[in-house]
>>> print(open('target.cif').read())   # mmCIF, C-alpha atoms
data_entry
loop_
_atom_site.label_atom_id
_atom_site.label_comp_id
_atom_site.auth_asym_id
_atom_site.auth_seq_id
_atom_site.Cartn_x
_atom_site.Cartn_y
_atom_site.Cartn_z
CA MET A 1218 0.00 0.00 0.00
CA PHE A 1219 1.10 3.57 -0.62
CA LYS A 1220 -0.39 6.89 0.21
CA TYR A 1221 -1.42 9.71 -2.08
CA PRO A 1222 0.03 13.16 -1.33
CA GLY A 1223 -3.20 13.93 0.55
CA GLY A 1224 -2.64 10.91 2.76
CA ARG A 1225 -5.24 8.70 1.14
CA VAL A 1226 -4.21 5.08 0.90
CA TYR A 1227 -3.89 3.48 -2.54
CA GLU A 1228 -5.71 0.22 -2.17
CA LYS A 1229 -5.60 -3.05 -4.00
CA ARG A 1230 -9.21 -2.39 -4.89
CA GLU A 1231 -8.17 0.62 -6.93
CA GLN A 1232 -6.11 -1.65 -9.11
CA VAL A 1233 -9.30 -3.56 -9.77
CA ALA A 1234 -10.98 -0.27 -10.59
CA ALA A 1235 -8.19 0.47 -13.04
CA GLY A 1236 -8.91 -2.86 -14.72
CA LYS A 1237 -5.76 -4.60 -13.58
CA ALA A 1238 -7.38 -7.57 -11.88
CA ASN A 1239 -9.94 -9.93 -13.33
CA ALA A 1240 -13.37 -8.82 -12.29
CA THR A 1241 -15.07 -12.19 -12.03
CA TYR A 1242 -16.27 -11.73 -8.46
CA GLY A 1243 -19.36 -9.94 -7.25
CA ASN A 1244 -20.03 -6.49 -5.93
CA ARG A 1245 -18.51 -7.14 -2.54
CA GLY A 1246 -15.11 -5.53 -2.21
CA MET A 1247 -15.32 -3.55 -5.45
CA THR A 1248 -14.57 0.13 -5.17
CA LEU A 1249 -17.16 2.70 -5.98
CA GLU A 1250 -14.96 3.63 -8.93
CA ALA A 1251 -15.01 0.10 -10.33
CA ASP A 1252 -18.78 -0.13 -9.91
CA LEU A 1253 -19.29 3.21 -11.64
CA ASN A 1254 -16.94 2.26 -14.47
CA GLU A 1255 -19.00 -0.88 -15.08
CA THR A 1256 -22.22 1.11 -14.85
CA ASN A 1257 -20.95 3.67 -17.35
CA ALA A 1258 -19.78 0.91 -19.70
CA TYR A 1259 -23.29 -0.55 -19.48
CA TYR A 1260 -24.86 2.84 -20.29
CA LEU A 1261 -22.44 3.33 -23.20
CA GLU A 1262 -23.02 -0.11 -24.74
CA ARG A 1263 -26.78 0.36 -24.69
CA GLY A 1264 -26.67 3.91 -26.00
CA ILE A 1265 -28.18 5.26 -22.76
CA ALA A 1266 -25.50 7.82 -21.86
CA VAL A 1267 -21.88 8.68 -22.63
CA ILE A 1268 -20.19 9.26 -19.29
CA HIS A 1269 -16.52 8.58 -18.59
CA LYS A 1270 -14.22 8.84 -15.63
CA LYS A 1271 -11.33 11.19 -16.31
CA PRO A 1272 -7.86 9.66 -16.03
CA THR A 1273 -5.92 10.28 -12.82
CA PRO A 1274 -3.78 13.36 -13.43
CA VAL A 1275 -0.09 12.64 -13.28
CA GLN A 1276 2.90 14.95 -13.57
CA ILE A 1277 5.40 13.13 -15.74
CA VAL A 1278 9.02 13.97 -14.97
CA ARG A 1279 11.16 11.30 -16.62
CA VAL A 1280 10.52 8.87 -19.45
CA ASP A 1281 12.73 6.15 -20.86
CA TYR A 1282 12.24 4.99 -24.43
CA PRO A 1283 13.86 1.64 -24.93
CA LYS A 1284 14.37 0.46 -28.49
CA ARG A 1285 11.67 -1.80 -29.87
CA SER A 1286 9.38 -1.39 -26.86
CA ALA A 1287 6.96 1.10 -25.40
CA ALA A 1288 8.06 4.24 -23.59
CA VAL A 1289 8.34 3.74 -19.83
CA ILE A 1290 7.50 6.49 -17.38
CA LYS A 1291 10.24 6.26 -14.75
CA GLU A 1292 9.34 9.20 -12.54
CA ALA A 1293 5.95 10.83 -12.09
CA TYR A 1294 3.79 12.26 -9.33
CA PHE A 1295 0.10 12.36 -8.55
CA LYS A 1296 -1.43 15.77 -9.16
CA GLN A 1297 -4.56 17.28 -7.65
CA PRO A 1298 -7.41 17.00 -10.16
CA SER A 1299 -8.80 20.39 -11.21
CA THR A 1300 -12.29 19.10 -11.89
CA THR A 1301 -14.67 16.38 -10.76
CA ASP A 1302 -13.90 12.85 -11.91
CA TYR A 1303 -16.91 12.10 -14.11
CA ASN A 1304 -18.62 13.94 -16.92
CA GLY A 1305 -20.45 13.35 -20.14
CA ILE A 1306 -23.77 13.67 -21.89
CA TYR A 1307 -27.22 12.26 -21.16
CA ARG A 1308 -30.42 13.09 -23.06
CA GLY A 1309 -28.68 16.07 -24.60
CA LYS A 1310 -27.60 17.49 -21.24
CA TYR A 1311 -24.14 17.98 -19.79
CA ILE A 1312 -23.70 15.77 -16.72
CA ASP A 1313 -20.95 16.28 -14.14
CA PHE A 1314 -20.34 14.46 -10.88
CA GLU A 1315 -17.91 13.37 -8.24
CA ALA A 1316 -18.09 10.03 -6.40
CA LYS A 1317 -16.82 9.40 -2.89
CA GLU A 1318 -17.14 6.69 -0.30
CA THR A 1319 -16.82 6.53 3.47
CA ARG A 1320 -16.60 3.78 6.07
CA ASN A 1321 -18.51 6.00 8.51
CA LYS A 1322 -22.06 4.95 9.27
CA THR A 1323 -23.61 8.13 10.64
CA SER A 1324 -22.13 10.96 8.57
CA PHE A 1325 -20.19 11.79 5.43
CA PRO A 1326 -16.99 13.83 6.02
CA LEU A 1327 -16.71 16.89 3.78
CA GLN A 1328 -12.93 16.56 3.72
CA ASN A 1329 -13.56 14.02 0.95
CA PHE A 1330 -14.02 17.00 -1.36
CA HIS A 1331 -11.37 19.49 -2.42
CA GLU A 1332 -11.74 23.24 -2.75
CA HIS A 1333 -11.15 23.14 -6.52
CA GLN A 1334 -13.81 20.46 -7.00
CA ILE A 1335 -16.30 22.67 -5.18
CA TYR A 1336 -15.21 25.56 -7.40
CA HIS A 1337 -15.67 23.40 -10.48
CA MET A 1338 -19.19 22.39 -9.41
CA LYS A 1339 -20.16 26.04 -8.97
CA GLN A 1340 -18.79 26.81 -12.43
CA VAL A 1341 -20.66 24.08 -14.28
CA LEU A 1342 -23.89 24.80 -12.37
CA ALA A 1343 -23.63 28.42 -13.49
CA HIS A 1344 -23.53 27.16 -17.08
CA GLY A 1345 -26.59 24.95 -16.71
CA ALA A 1346 -25.05 21.56 -15.94
CA ILE A 1347 -26.70 18.69 -14.15
CA CYS A 1348 -24.28 18.31 -11.28
CA PHE A 1349 -24.32 16.03 -8.26
CA VAL A 1350 -22.26 13.77 -6.03
CA ILE A 1351 -22.57 10.04 -5.57
CA LEU A 1352 -21.93 9.09 -1.94
CA ARG A 1353 -21.40 5.53 -0.81
CA PHE A 1354 -21.62 4.36 2.78
CA THR A 1355 -19.38 1.36 2.20
CA THR A 1356 -20.14 -0.57 5.38
CA LEU A 1357 -23.90 -0.06 4.96
CA ASP A 1358 -23.77 -0.74 1.19
CA GLU A 1359 -25.96 2.29 0.54
CA VAL A 1360 -25.35 4.73 -2.29
CA TYR A 1361 -26.98 8.16 -2.54
CA LEU A 1362 -27.18 10.82 -5.20
CA LEU A 1363 -27.04 14.31 -3.72
CA ASP A 1364 -27.61 17.33 -5.95
CA ALA A 1365 -24.61 19.69 -5.99
CA HIS A 1366 -26.71 22.62 -4.72
CA HIS A 1367 -27.21 20.75 -1.45
CA LEU A 1368 -23.55 19.77 -1.22
CA LEU A 1369 -22.63 23.43 -1.70
CA GLU A 1370 -24.95 24.40 1.18
CA PHE A 1371 -23.31 21.88 3.50
CA TRP A 1372 -19.89 23.07 2.35
CA GLU A 1373 -20.93 26.66 3.09
CA ARG A 1374 -22.04 25.63 6.59
CA LYS A 1375 -18.59 24.13 7.20
CA GLU A 1376 -16.87 27.26 5.85
CA LYS A 1377 -18.89 29.31 8.34
CA GLY A 1378 -17.57 27.21 11.19
CA GLY A 1379 -20.33 24.60 11.23
CA ARG A 1380 -19.95 20.82 11.24
CA LYS A 1381 -17.36 19.26 8.98
CA SER A 1382 -19.64 16.53 7.70
CA ILE A 1383 -23.11 15.85 6.36
CA THR A 1384 -25.16 13.70 8.73
CA LYS A 1385 -26.65 10.46 7.42
CA THR A 1386 -30.08 11.85 8.25
CA GLU A 1387 -29.45 14.91 6.09
CA ILE A 1388 -28.32 12.72 3.20
CA GLU A 1389 -31.49 10.62 3.57
CA GLN A 1390 -33.54 13.83 3.58
CA TYR A 1391 -31.90 15.72 0.70
CA GLY A 1392 -30.34 12.86 -1.24
CA HIS A 1393 -31.83 10.00 -3.23
CA LEU A 1394 -31.06 6.35 -2.66
CA ILE A 1395 -29.72 4.78 -5.84
CA PRO A 1396 -30.96 1.29 -6.75
CA LEU A 1397 -28.10 -1.23 -6.66
CA GLY A 1398 -28.02 -4.31 -8.80
CA TYR A 1399 -25.96 -6.61 -10.93
CA GLN A 1400 -26.29 -4.85 -14.27
CA PRO A 1401 -25.95 -1.94 -13.98
CA ARG A 1402 -24.42 -1.97 -10.53
CA ILE A 1403 -25.28 1.60 -9.51
CA ASP A 1404 -28.20 2.70 -11.63
CA TYR A 1405 -27.86 6.43 -10.98
CA ILE A 1406 -29.44 7.41 -14.31
CA LYS A 1407 -32.81 6.29 -12.87
CA VAL A 1408 -32.45 8.96 -10.19
CA VAL A 1409 -31.23 11.54 -12.72
CA ASP A 1410 -34.36 10.87 -14.78
CA LYS A 1411 -36.66 11.56 -11.85
CA LEU A 1412 -34.73 14.52 -10.53
CA TYR A 1413 -33.75 16.53 -13.60
CA PHE A 1414 -36.11 15.61 -16.45
CA MET B 534 12.81 12.54 -27.43
CA PHE B 535 10.78 9.40 -26.97
CA LYS B 536 7.97 7.83 -28.91
CA TYR B 537 4.46 6.99 -27.76
CA PRO B 538 3.31 3.41 -28.35
CA GLY B 539 1.66 4.64 -31.56
CA GLY B 540 5.01 5.98 -32.78
CA ARG B 541 4.25 9.63 -32.14
CA VAL B 542 7.22 11.57 -30.87
CA TYR B 543 7.02 13.20 -27.43
CA GLU B 544 8.33 16.67 -28.04
CA LYS B 545 9.88 19.27 -25.83
CA ARG B 546 6.92 21.46 -26.71
CA GLU B 547 4.61 19.02 -24.98
CA GLN B 548 6.46 19.66 -21.77
CA VAL B 549 5.61 23.32 -22.25
CA ALA B 550 2.01 22.30 -22.80
CA ALA B 551 2.14 20.36 -19.53
CA GLY B 552 3.27 23.55 -17.81
CA LYS B 553 6.83 22.45 -17.17
CA ALA B 554 8.60 25.31 -18.92
CA ASN B 555 8.13 28.99 -18.27
CA ALA B 556 5.69 30.35 -20.80
CA THR B 557 7.08 33.84 -21.14
CA TYR B 558 7.46 33.72 -24.90
CA GLY B 559 4.83 34.31 -27.52
CA ASN B 560 2.68 32.03 -29.59
CA ARG B 561 5.55 30.81 -31.75
CA GLY B 562 6.62 27.33 -30.77
CA MET B 563 3.73 26.71 -28.39
CA THR B 564 1.84 23.51 -28.98
CA LEU B 565 -1.78 23.51 -29.92
CA GLU B 566 -2.41 21.93 -26.52
CA ALA B 567 -0.71 24.79 -24.66
CA ASP B 568 -2.63 27.36 -26.68
CA LEU B 569 -5.93 25.62 -26.02
CA ASN B 570 -5.17 25.29 -22.32
CA GLU B 571 -4.61 29.03 -22.13
CA THR B 572 -7.73 29.69 -24.15
CA ASN B 573 -9.81 27.45 -21.86
CA ALA B 574 -8.34 29.12 -18.77
CA TYR B 575 -9.36 32.46 -20.29
CA TYR B 576 -12.92 31.21 -20.90
CA LEU B 577 -13.10 29.79 -17.37
CA GLU B 578 -11.87 32.96 -15.64
CA ARG B 579 -14.40 35.10 -17.47
CA GLY B 580 -17.28 32.70 -16.94
CA ILE B 581 -17.61 32.11 -20.69
CA ALA B 582 -17.30 28.32 -20.75
CA VAL B 583 -16.07 25.43 -18.61
CA ILE B 584 -13.93 23.26 -20.87
CA HIS B 585 -10.97 21.20 -19.71
CA LYS B 586 -8.43 18.92 -21.31
CA LYS B 587 -8.57 15.44 -19.85
CA PRO B 588 -5.36 14.19 -18.25
CA THR B 589 -3.16 11.87 -20.31
CA PRO B 590 -4.19 8.33 -19.39
CA VAL B 591 -1.41 6.40 -17.74
CA GLN B 592 -1.26 2.79 -16.58
CA ILE B 593 0.48 2.86 -13.22
CA VAL B 594 2.47 -0.27 -12.43
CA ARG B 595 4.78 0.58 -9.55
CA VAL B 596 4.74 3.30 -6.92
CA ASP B 597 7.25 4.10 -4.19
CA TYR B 598 6.10 5.92 -1.08
CA PRO B 599 9.08 7.38 0.69
CA LYS B 600 8.58 8.53 4.26
CA ARG B 601 7.82 12.22 4.67
CA SER B 602 7.48 12.88 0.95
CA ALA B 603 5.02 12.39 -1.88
CA ALA B 604 4.43 9.04 -3.54
CA VAL B 605 6.62 8.55 -6.61
CA ILE B 606 5.40 6.63 -9.63
CA LYS B 607 8.39 4.53 -10.69
CA GLU B 608 6.89 2.56 -13.55
CA ALA B 609 3.98 3.52 -15.74
CA TYR B 610 2.96 3.38 -19.40
CA PHE B 611 1.01 5.60 -21.74
CA LYS B 612 -2.44 4.24 -22.51
CA GLN B 613 -4.65 4.92 -25.52
CA PRO B 614 -7.30 7.47 -24.55
CA SER B 615 -10.85 6.12 -24.89
CA THR B 616 -12.40 9.51 -25.62
CA THR B 617 -11.51 12.83 -27.18
CA ASP B 618 -9.23 15.10 -25.16
CA TYR B 619 -11.51 18.05 -24.46
CA ASN B 620 -15.02 18.39 -23.12
CA GLY B 621 -17.17 20.63 -21.01
CA ILE B 622 -20.17 22.92 -21.05
CA TYR B 623 -20.97 26.10 -22.96
CA ARG B 624 -24.28 27.97 -22.91
CA GLY B 625 -25.91 24.95 -21.33
CA LYS B 626 -24.69 22.57 -24.03
CA TYR B 627 -22.29 19.65 -23.84
CA ILE B 628 -19.19 20.38 -25.92
CA ASP B 629 -16.72 17.72 -27.03
CA PHE B 630 -13.70 18.01 -29.25
CA GLU B 631 -10.32 16.70 -30.27
CA ALA B 632 -7.38 18.89 -31.33
CA LYS B 633 -4.63 17.86 -33.70
CA GLU B 634 -1.85 19.54 -35.60
CA THR B 635 0.17 18.73 -38.71
CA ARG B 636 3.29 20.09 -40.36
CA ASN B 637 1.78 19.31 -43.76
CA LYS B 638 0.70 22.26 -45.85
CA THR B 639 -1.71 20.74 -48.32
CA SER B 640 -3.63 18.09 -46.38
CA PHE B 641 -4.46 16.79 -42.91
CA PRO B 642 -3.63 13.09 -42.38
CA LEU B 643 -6.50 11.11 -40.88
CA GLN B 644 -4.04 8.85 -39.05
CA ASN B 645 -4.00 11.62 -36.45
CA PHE B 646 -7.30 10.19 -35.20
CA HIS B 647 -7.84 6.84 -33.55
CA GLU B 648 -10.69 4.43 -34.13
CA HIS B 649 -11.96 4.80 -30.55
CA GLN B 650 -12.01 8.60 -30.82
CA ILE B 651 -14.14 8.32 -33.95
CA TYR B 652 -16.41 5.91 -32.06
CA HIS B 653 -16.64 8.36 -29.17
CA MET B 654 -17.59 11.22 -31.50
CA LYS B 655 -20.39 9.14 -33.01
CA GLN B 656 -21.65 8.32 -29.52
CA VAL B 657 -21.78 11.89 -28.23
CA LEU B 658 -23.33 13.15 -31.49
CA ALA B 659 -26.09 10.57 -31.07
CA HIS B 660 -26.82 12.10 -27.66
CA GLY B 661 -27.00 15.65 -28.95
CA ALA B 662 -23.49 16.94 -28.30
CA ILE B 663 -21.77 19.78 -30.05
CA CYS B 664 -18.76 17.91 -31.41
CA PHE B 665 -15.92 19.02 -33.63
CA VAL B 666 -12.19 18.88 -34.23
CA ILE B 667 -9.68 21.70 -34.08
CA LEU B 668 -7.04 21.28 -36.78
CA ARG B 669 -3.85 23.30 -36.86
CA PHE B 670 -1.57 23.62 -39.86
CA THR B 671 1.50 24.42 -37.79
CA THR B 672 3.75 25.71 -40.55
CA LEU B 673 0.97 27.92 -41.97
CA ASP B 674 -0.20 29.03 -38.50
CA GLU B 675 -3.80 28.42 -39.49
CA VAL B 676 -6.35 26.77 -37.20
CA TYR B 677 -9.71 25.40 -38.35
CA LEU B 678 -12.78 24.12 -36.62
CA LEU B 679 -14.35 21.22 -38.51
CA ASP B 680 -17.70 19.83 -37.38
CA ALA B 681 -17.49 16.15 -36.44
CA HIS B 682 -20.11 15.16 -39.03
CA HIS B 683 -17.70 16.25 -41.76
CA LEU B 684 -14.77 14.48 -40.14
CA LEU B 685 -16.86 11.31 -39.98
CA GLU B 686 -17.59 11.60 -43.72
CA PHE B 687 -13.88 11.90 -44.53
CA TRP B 688 -13.15 8.99 -42.20
CA GLU B 689 -15.83 6.95 -44.00
CA ARG B 690 -14.23 7.77 -47.36
CA LYS B 691 -10.90 6.47 -46.05
CA GLU B 692 -12.55 3.30 -44.70
CA LYS B 693 -14.00 2.68 -48.16
CA GLY B 694 -10.52 2.80 -49.67
CA GLY B 695 -10.41 6.52 -50.44
CA ARG B 696 -7.69 9.01 -49.58
CA LYS B 697 -6.12 8.84 -46.12
CA SER B 698 -6.24 12.57 -45.55
CA ILE B 699 -8.46 15.62 -45.82
CA THR B 700 -7.20 18.09 -48.40
CA LYS B 701 -6.53 21.65 -47.33
CA THR B 702 -9.12 22.78 -49.86
CA GLU B 703 -11.76 20.55 -48.25
CA ILE B 704 -10.94 21.92 -44.82
CA GLU B 705 -11.26 25.46 -46.17
CA GLN B 706 -14.61 24.51 -47.71
CA TYR B 707 -16.20 22.60 -44.82
CA GLY B 708 -14.24 23.99 -41.88
CA HIS B 709 -14.13 27.42 -40.28
CA LEU B 710 -10.99 29.46 -39.75
CA ILE B 711 -10.58 30.31 -36.07
CA PRO B 712 -9.42 33.84 -35.20
CA LEU B 713 -5.98 33.74 -33.51
CA GLY B 714 -4.82 36.33 -31.04
CA TYR B 715 -3.06 37.03 -27.82
CA GLN B 716 -5.93 36.57 -25.39
CA PRO B 717 -7.53 34.20 -26.01
CA ARG B 718 -5.05 32.56 -28.34
CA ILE B 719 -7.47 30.35 -30.27
CA ASP B 720 -10.91 31.89 -29.96
CA TYR B 721 -12.88 28.84 -31.06
CA ILE B 722 -15.98 29.80 -29.05
CA LYS B 723 -16.60 32.56 -31.61
CA VAL B 724 -16.96 29.92 -34.29
CA VAL B 725 -19.07 27.70 -32.01
CA ASP B 726 -21.43 30.65 -31.50
CA LYS B 727 -21.93 31.12 -35.22
CA LEU B 728 -22.15 27.44 -36.06
CA TYR B 729 -24.29 25.92 -33.30
CA PHE B 730 -26.37 28.68 -31.72
#
>>> encode(input="target.cif", output="structure tokens")
Amino acid sequence: MFKYPGGRVYEKREQVAAGKANATYGNRGMTLEADLNETNAYYLERGIAVIHKKPTPVQIVRVDYPKRSAAVIKEAYFKQPSTTDYNGIYRGKYIDFEAKETRNKTSFPLQNFHEHQIYHMKQVLAHGAICFVILRFTTLDEVYLLDAHHLLEFWERKEKGGRKSITKTEIEQYGHLIPLGYQPRIDYIKVVDKLYF
Amino acid sequence: MFKYPGGRVYEKREQVAAGKANATYGNRGMTLEADLNETNAYYLERGIAVIHKKPTPVQIVRVDYPKRSAAVIKEAYFKQPSTTDYNGIYRGKYIDFEAKETRNKTSFPLQNFHEHQIYHMKQVLAHGAICFVILRFTTLDEVYLLDAHHLLEFWERKEKGGRKSITKTEIEQYGHLIPLGYQPRIDYIKVVDKLYF
């Protein structure tokens, strides 16, 4: 295991998300990212929506280019992303979201979001985007869609010295439980349909 | 210099594009990517549009995590992107494009585009996206916006055994010359306004 600059641990499960392990097992133990990647692949194949996760931004410092084989990056660093991780198009509308998970059971820590992601959400909302966050309570196996306007209110509360998290009760009140399944795993488009169309 | 898996050469100018060199000089010698990044930053700051380049996709194989300093990626490889490089939102609409440059003066080689990028363009068009390509003739210092429908027709011609490039004359006929300047450098939104709104 290694840690990201921010201190977050790089888990084996992320390698699965990145498609490095064979994904023959069930939902249990899959990251939110892996589940969303499969969900988005499902939407893409069926012509439902075109939504992709952006690649992890990396600052490349040194590259070797051996003869007769592919270039090898020998030194690089993780960079802070300047946007949310997911965007695309659905029913002619620009869709933008971030996905985060917590092991907490009673609240969702706001430290999961970065200042520049909040800034990005404000920007796309101002231009008419459908923007939200997908929040997973990993130990409860519950996934919620929370509209970005609500997230921004909770963020504002924190900035004003209020609590540093969103309570589970608040997420139940303002968010929308996403149906989980086998295919697609996290059928968030169902909630988007109800909420924005 | 090194080569990408596809054989494309990684140039010094790309390091400028990635923000590694000081950008005190003028337009001359800047990559199309660097110019578009500056243009998009200009649009973002003024609240005109929210359009970002996606990070270069990298397959991370090995990471060191020294104590008291940031994680270092020690082995990684360039991956083929599965989408176009740029997307975002403008006037409430989903915008998607790819940008390429050539040193040719009389035609634009279609080998600059990959099969999966063409597939992606078809997908987003089917969902109502504004989709195009930005083509720079580097040695002529001319930049064109070509709607994706036209690109797809030229691609189709190639697939049917026709010519492997778009002639300069065709680009002049079907494309739109983008005004170049100091700020923003490549004012493609002006053309988008005329063409799609």
>>> closest_residue(input="target.cif", among="A:His1367, A:Tyr1260, A:Lys1377, A:Ile1335", to="Ile1406 of chain A", atoms="only C-alpha atoms")
A:Tyr1260
>>> interface_residues(input="target.cif", of="chain B", to="chain A", cutoff="9 Å", atoms="only C-alpha atoms", output="VMD selection string")
chain B and resid 534 to 539 548 551 577 580 to 583 585 587 to 593 596 to 599 602 to 611 614 to 616 620 to 629 653 656 to 657 659 to 662
>>> residues_around(input="target.cif", residues="segment 1317-1323 of chain A", least_positions_apart="4", cutoff="9 Å", atoms="all atoms listed in the file", output="NGL selection string")
:A and (1248-1250 or 1329-1330 or 1350-1357 or 1360 or 1383-1386)
>>> atom_distance(input="target.cif", atom1="atom CA of Arg690 of chain B", atom2="atom CA of Leu678 of chain B")
19.6 Å
>>> resolve_selection(input="target.cif", expression="the PyMOL selection byres ((chain A and resi 1380) around 12)", output="list in words")
Ser1324, Phe1325, Pro1326, Leu1327, Gln1328, Glu1370, Phe1371, Trp1372, Glu1373, Arg1374, Lys1375, Glu1376, Lys1377, Gly1378, Gly1379, Lys1381, Ser1382, Ile1383 and Thr1384 of chain A
>>> atom_distance(input="target.cif", atom1="atom CA of Ala681 of chain B", atom2="atom CA of Ile719 of chain B")
18.4 Å
>>> atom_distance(input="target.cif", atom1="atom CA of Asn570 of chain B", atom2="atom CA of Thr617 of chain B")
14.8 Å
>>> closest_residue(input="target.cif", among="B:Tyr575, B:Glu648, B:Val725, B:Asp680", to="Pro712 of chain B", atoms="all atoms listed in the file")
B:Val725
>>> axis_aligned_box(input="target.cif", around="segment 614-623 of chain B", padding_each_side="3 Å", output="AutoDock Vina command-line options")
--center_x -14.1 --center_y 16.1 --center_z -24.1 --size_x 19.7 --size_y 26.0 --size_z 12.2
